[in-house]
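Enquirer: Right, I'll just put the structure down here and ask away after.
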Amino acid sequence: MRQVILDCDPGIDDALAIFTLLAEPDVAVLGMCATVGNVPVDIGYRNLRNLAAFTGRSDVPVFRGAELPLVRGYAFDPLVHGEDGLGGAELPESSAPVQTENAVIATCRMLHEAPGNVTWIATGPLTNVALALRLDPSIREKVDRLVVMGGSTLRGNITPVAEFNVWADAEAWRVAVESGVPLTMVGLNVTHQVACSKEDYAEIRRMPGKVAQAADRMLAYYEEVYRRQGWGEAKLHDVVAVLEAIQPGICGTVPCSVAVETASALTYGQTVVDDRAKIEDANCDVAMAVDAGAVRRSMLSAIASF
Ligand code: RIB
Ligand code: CA
């Protein structure tokens, strides 16, 4: 049974990724952590608790993490995910016990307590991840893979060269990249290839379950934002990363040397990916291809299963 810890900033595509993760029978989700990112951490933490309860998985403990990025400030922009972070989906309030342990401490504890190694997944900025790696570098020995949605080998999205999760806390990404943790980067160069088709939307609308109805509501909001902004189809960024973590190989990866820009105002948050690197110099497996159809089919199957 694959053991997983998820760190995220829900967020609509985070929510779809969480549905996909929690539906997987061969995965033991040890815990889920909220970090500042798409929304302030209080909203992300509330969304994460409610997503766990809504899917009948209040057994998965949810922890509140970083309020602010490591160095830079934080300005919340509701453009993409809405003020509530879930496109107005309005999930019922969870009645699960509130975890008073901070996400960073809890992550280190869960990694040490886990029998065997853990697949650590991050679909938001890496602030919690960096703090955990700095607090207790020995946790690296318990991580089989840290699979992260972030970065890009090509263009950015929040700036011409930076992807949002890196741009939100580039110093945190630098800590992770330089930590020696076994890192897999699932960047925009692959996630931009993955979006629901019209048939997918119609299939979700035909599903009877409440999770499908919530997913339909979130996707409708998300798709409208993308359409209004002229960004094309609504991209399932975080779903790709979660599926690479639980179905290794859904992405094709290449060992590269990755560096992160933290000094330049112009290119802050850019991931500089060197695929010329010799294997021994590589610090990250970088996704260069993805089976987009398999991602979409897995997500639809997961949503239908609740
Ligand atoms: O750039 C895409 C990433 O930024 C996704 O994780 C999305 O949820 C936002 O956090
Ligand atoms: Ca996210």
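Residue numbering restarts at 1 in every chain; chains get A, B, ... in the order shown in the structure tokens, and ligands count up from 1 in that same order.
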Sort by chain and increasing residue number a table of all residues of chain A within 6 Å of ligand 1, each with its closest pair of atoms and their distance in Å to one decimal, counting only C-alpha atoms and all ligand atoms, and write it as a Markdown table.
Expert:
| residue | atom | partner | partner_atom_place_in_ligand_line | distance |
| --- | --- | --- | --- | --- |
| A:Gly11 | CA | ligand 1 | 8 (O) | 5.2 |
| A:Asp13 | CA | ligand 1 | 8 (O) | 5.2 |
| A:Asp14 | CA | ligand 1 | 8 (O) | 5.4 |
| A:Asn38 | CA | ligand 1 | 10 (O) | 5.2 |
| A:Thr123 | CA | ligand 1 | 6 (O) | 4.8 |
| A:Gly124 | CA | ligand 1 | 10 (O) | 4.8 |
| A:Met149 | CA | ligand 1 | 6 (O) | 5.9 |
| A:Glu163 | CA | ligand 1 | 1 (O) | 5.1 |
| A:Phe164 | CA | ligand 1 | 1 (O) | 4.4 |
| A:Asn165 | CA | ligand 1 | 4 (O) | 5.0 |
| A:His237 | CA | ligand 1 | 5 (C) | 5.4 |
| A:Asp238 | CA | ligand 1 | 6 (O) | 5.2 |
Enquirer: For Val143 of chain A, work out the shell of residues within 10 Å, counting only C-alpha atoms and skipping chain neighbours fewer than 3 positions away, then give it as a PyMOL selection string.
Expert: chain A and resi 3-5+111-112+116-120+138-140+146+181-183
Enquirer: May I ask which of the residues A:Val27, A:Ala15, A:Val62, A:Leu219 is the closest one to Cys196 of chain A, counting only C-alpha atoms?
Expert: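 When distances to Cys196 of chain A are compared using only C-alpha atoms, the smallest one comes from A:Leu219.
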Enquirer: If you run DSSP over the backbone, which residues in segment 48-268 of chain A end up helix (DSSP H, G or I)? Put them as an MDAnalysis selection string.
Expert: chainID A and resid 48:54 103:113 127:135 137:142 164:167 170:179 188:191 198:206 210:229 237:246
Enquirer: As a PyMOL selection string, please: every residue in segment 75-123 of chain A that a backbone DSSP assignment puts in strand (DSSP E or B).
Expert: chain A and resi 118-122
Enquirer: Could you write out that same residue set with N, CA, C and O atoms as an mmCIF file, in the first residue's frame?
Expert:
data_model
loop_
_atom_site.group_PDB
_atom_site.id
_atom_site.type_symbol
_atom_site.label_atom_id
_atom_site.label_comp_id
_atom_site.auth_asym_id
_atom_site.auth_seq_id
_atom_site.Cartn_x
_atom_site.Cartn_y
_atom_site.Cartn_z
ATOM 1 N N VAL A 118 7.508 7.100 2.233
ATOM 2 C CA VAL A 118 6.265 7.831 1.957
ATOM 3 C C VAL A 118 6.423 8.611 0.644
ATOM 4 O O VAL A 118 7.504 9.158 0.369
ATOM 5 N N THR A 119 5.374 8.640 -0.143
ATOM 6 C CA THR A 119 5.330 9.522 -1.312
ATOM 7 C C THR A 119 4.714 10.849 -0.855
ATOM 8 O O THR A 119 3.569 10.883 -0.377
ATOM 9 N N TRP A 120 5.523 11.896 -0.950
ATOM 10 C CA TRP A 120 5.108 13.238 -0.503
ATOM 11 C C TRP A 120 4.686 14.015 -1.750
ATOM 12 O O TRP A 120 5.442 14.065 -2.735
ATOM 13 N N ILE A 121 3.495 14.557 -1.745
ATOM 14 C CA ILE A 121 2.961 15.263 -2.914
ATOM 15 C C ILE A 121 2.699 16.709 -2.525
ATOM 16 O O ILE A 121 2.139 16.973 -1.449
ATOM 17 N N ALA A 122 3.103 17.645 -3.383
ATOM 18 C CA ALA A 122 2.824 19.064 -3.119
ATOM 19 C C ALA A 122 2.180 19.678 -4.359
ATOM 20 O O ALA A 122 2.738 19.613 -5.457
#
Enquirer: Pick out the residues sitting within 8 Å of segment 294-298 of chain A, and hand them over as a PyMOL selection string; count only C-alpha atoms, and ignore anything fewer than 5 positions along from it in its own chain.
Expert: chain A and resi 20+194-196+200+239-240+243+250
Enquirer: Limited to N, CA and C atoms, could you put the picked residues into a file as a PDB file, in the first residue's frame?
Expert:
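Output (again.pdb):
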ATOM      1  N   THR A  20      -9.311  12.762  -6.665  1.00  0.00           N
ATOM      2  CA  THR A  20      -8.606  11.682  -7.366  1.00  0.00           C
ATOM      3  C   THR A  20      -7.759  10.864  -6.389  1.00  0.00           C
ATOM      4  N   VAL A 194      -3.244  19.134 -20.357  1.00  0.00           N
ATOM      5  CA  VAL A 194      -4.318  18.336 -19.750  1.00  0.00           C
ATOM      6  C   VAL A 194      -5.497  19.215 -19.324  1.00  0.00           C
ATOM      7  N   ALA A 195      -6.628  19.016 -20.017  1.00  0.00           N
ATOM      8  CA  ALA A 195      -7.856  19.763 -19.697  1.00  0.00           C
ATOM      9  C   ALA A 195      -9.044  18.870 -20.021  1.00  0.00           C
ATOM     10  N   CYS A 196     -10.154  19.080 -19.326  1.00  0.00           N
ATOM     11  CA  CYS A 196     -11.359  18.310 -19.616  1.00  0.00           C
ATOM     12  C   CYS A 196     -11.862  18.614 -21.022  1.00  0.00           C
ATOM     13  N   ASP A 200     -16.030  15.167 -21.404  1.00  0.00           N
ATOM     14  CA  ASP A 200     -15.748  14.962 -19.970  1.00  0.00           C
ATOM     15  C   ASP A 200     -16.722  15.775 -19.108  1.00  0.00           C
ATOM     16  N   VAL A 239      -4.032  17.722 -10.719  1.00  0.00           N
ATOM     17  CA  VAL A 239      -4.460  16.331 -10.965  1.00  0.00           C
ATOM     18  C   VAL A 239      -3.326  15.547 -11.627  1.00  0.00           C
ATOM     19  N   VAL A 240      -2.583  16.206 -12.516  1.00  0.00           N
ATOM     20  CA  VAL A 240      -1.459  15.539 -13.193  1.00  0.00           C
ATOM     21  C   VAL A 240      -0.394  15.128 -12.171  1.00  0.00           C
ATOM     22  N   LEU A 243      -1.572  12.219  -9.967  1.00  0.00           N
ATOM     23  CA  LEU A 243      -1.601  10.938 -10.692  1.00  0.00           C
ATOM     24  C   LEU A 243      -0.192  10.431 -10.987  1.00  0.00           C
ATOM     25  N   ILE A 250       2.722   7.890 -15.545  1.00  0.00           N
ATOM     26  CA  ILE A 250       1.700   8.556 -16.371  1.00  0.00           C
ATOM     27  C   ILE A 250       2.315   9.764 -17.076  1.00  0.00           C
TER      28      ILE A 250
END
Enquirer: Determine the nearest neighbour of ligand 2 from the options A:Tyr222, A:Gly82, A:Gly269, A:Leu236, counting only C-alpha atoms and all ligand atoms.
Expert: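 Using only C-alpha atoms and all ligand atoms, the shortest distance to ligand 2 belongs to A:Leu236.
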Enquirer: Could you pull the residues within 10 Å of Thr100 of chain A, counting only C-alpha atoms, minus those fewer than 4 positions along the same chain, as a ChimeraX atom specification?
Expert: /A:62-64,106
Enquirer: Now that the selection is made, can you save its residues with C-alpha atoms as a JSON list (two decimals), in the first residue's frame?
Expert:
[["chain", "number", "residue", "atom", "x", "y", "z"],
["A", 62, "VAL", "CA", -5.87, 17.75, 8.11],
["A", 63, "PHE", "CA", -3.25, 20.22, 9.33],
["A", 64, "ARG", "CA", -2.85, 23.98, 9.02],
["A", 106, "ALA", "CA", 2.95, 16.96, 11.75]]
Enquirer: Counting only C-alpha atoms and all ligand atoms, which residue out of A:Arg205, A:His81, A:Arg57, A:Lys278 sits closest to ligand 2?
Expert: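 Closest to ligand 2, using only C-alpha atoms and all ligand atoms: A:His81.
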Enquirer: Which of these residues is nearest to ligand 2, using only C-alpha atoms and all ligand atoms: A:Leu30, A:Cys284, A:Ala241, A:Leu91?
Expert: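 Smallest distance to ligand 2 is found for A:Ala241.
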Enquirer: Tell me which protein, DNA and RNA residues are within 12 Å of Arg276 of chain A, counting only C-alpha atoms, leaving out same-chain ones fewer than 5 positions away, and put them as a VMD selection string.
Expert: chain A and resid 254 to 258 281 to 282
Enquirer: Can you write out the residues you just picked, keeping C-alpha atoms, as a tab-separated table (two decimals), in the first residue's frame?
Expert:
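Just written: out10.tsv:
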chain	number	residue	atom	x	y	z
A	254	VAL	CA	14.02	13.00	-17.55
A	255	PRO	CA	16.77	13.51	-14.92
A	256	CYS	CA	17.78	17.19	-15.06
A	257	SER	CA	19.58	19.81	-13.08
A	258	VAL	CA	17.03	22.40	-11.92
A	281	ASP	CA	24.59	16.07	-11.57
A	282	ALA	CA	20.80	15.78	-11.83
Enquirer: Compile the contact shell of Val161 of chain A as number ranges by chain: residues with an atom at most 8 Å away, counting only C-alpha atoms, same-chain residues fewer than 6 positions apart removed.
Expert: A: 154-155, 267, 269-270
Enquirer: Find the residues near Arg174 of chain A: any atom within 10 Å, counting only C-alpha atoms, skip ones fewer than 5 places away on the same chain, and give them as a list of chain:residue names.
Expert: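 These residues fall inside the cut-off: A:Leu126, A:Ala130, A:Val166, A:Asp169, A:Ser179, A:Val258, A:Ala259, A:Val260, A:Glu261, A:Thr262, A:Gly269, A:Thr271.
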Enquirer: Just to be explicit: take each residue in the selection above, keep N, CA, C and O atoms, and write the result as a short mmCIF file (atom, residue, chain, number, x, y, z; two decimals), in the first residue's frame.
Expert:
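Now in again37.cif:
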data_model
loop_
_atom_site.label_atom_id
_atom_site.label_comp_id
_atom_site.auth_asym_id
_atom_site.auth_seq_id
_atom_site.Cartn_x
_atom_site.Cartn_y
_atom_site.Cartn_z
N LEU A 126 5.78 25.64 -1.95
CA LEU A 126 6.51 24.66 -1.13
C LEU A 126 6.91 25.21 0.24
O LEU A 126 7.85 24.69 0.87
N ALA A 130 9.51 23.25 2.55
CA ALA A 130 10.84 23.82 2.86
C ALA A 130 11.05 23.91 4.37
O ALA A 130 12.13 23.57 4.88
N VAL A 166 5.85 28.25 -7.84
CA VAL A 166 7.25 28.62 -7.59
C VAL A 166 7.33 30.10 -7.27
O VAL A 166 7.97 30.53 -6.31
N ASP A 169 6.64 31.37 -3.76
CA ASP A 169 7.68 31.20 -2.74
C ASP A 169 8.89 30.51 -3.38
O ASP A 169 9.14 29.32 -3.18
N SER A 179 17.92 20.40 -1.38
CA SER A 179 17.90 19.59 -0.15
C SER A 179 18.39 18.15 -0.36
O SER A 179 18.72 17.45 0.59
N VAL A 258 17.99 21.29 -11.99
CA VAL A 258 17.03 22.40 -11.92
C VAL A 258 17.52 23.44 -10.91
O VAL A 258 17.96 23.10 -9.81
N ALA A 259 17.48 24.71 -11.35
CA ALA A 259 17.80 25.82 -10.45
C ALA A 259 16.62 26.79 -10.47
O ALA A 259 15.84 26.82 -11.42
N VAL A 260 16.49 27.58 -9.39
CA VAL A 260 15.35 28.49 -9.26
C VAL A 260 15.87 29.91 -9.08
O VAL A 260 16.75 30.15 -8.24
N GLU A 261 15.31 30.84 -9.82
CA GLU A 261 15.70 32.26 -9.70
C GLU A 261 15.03 32.87 -8.48
O GLU A 261 13.79 32.88 -8.36
N THR A 262 15.84 33.40 -7.56
CA THR A 262 15.25 34.05 -6.37
C THR A 262 15.70 35.51 -6.23
O THR A 262 15.20 36.21 -5.36
N GLY A 269 11.27 33.34 -9.59
CA GLY A 269 10.39 32.17 -9.68
C GLY A 269 10.57 31.35 -10.94
O GLY A 269 9.89 30.34 -11.14
N THR A 271 12.07 28.53 -13.17
CA THR A 271 12.83 27.28 -12.99
C THR A 271 13.70 27.11 -14.22
O THR A 271 13.18 27.03 -15.34
#
Enquirer: Just give me the gap between atom CA of Arg109 of chain A and atom CA of Glu93 of chain A in Å, one decimal is fine.
Expert: 27.0 Å
Enquirer: Compare A:Tyr45, A:Phe54, A:Trp173, A:Trp231 by their minimum atom-to-atom distance to Ala215 of chain A, counting only C-alpha atoms, and give me the closest one.
Expert: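 Looking at the shortest contact to Ala215 of chain A, the residue is A:Phe54.
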Enquirer: Between atom CA of Ile204 of chain A and atom CA of Gly249 of chain A, what distance in Å does the model show, to one decimal?
Expert: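 Atom-to-atom, atom CA of Ile204 of chain A to atom CA of Gly249 of chain A, that is 25.6 Å.
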Enquirer: Taking only C-alpha atoms into account, name the residue in A:Asp285, A:Val273, A:Ala34, A:Glu244 that is nearest to Thr153 of chain A.
Expert: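 Smallest distance to Thr153 of chain A is found for A:Val273.
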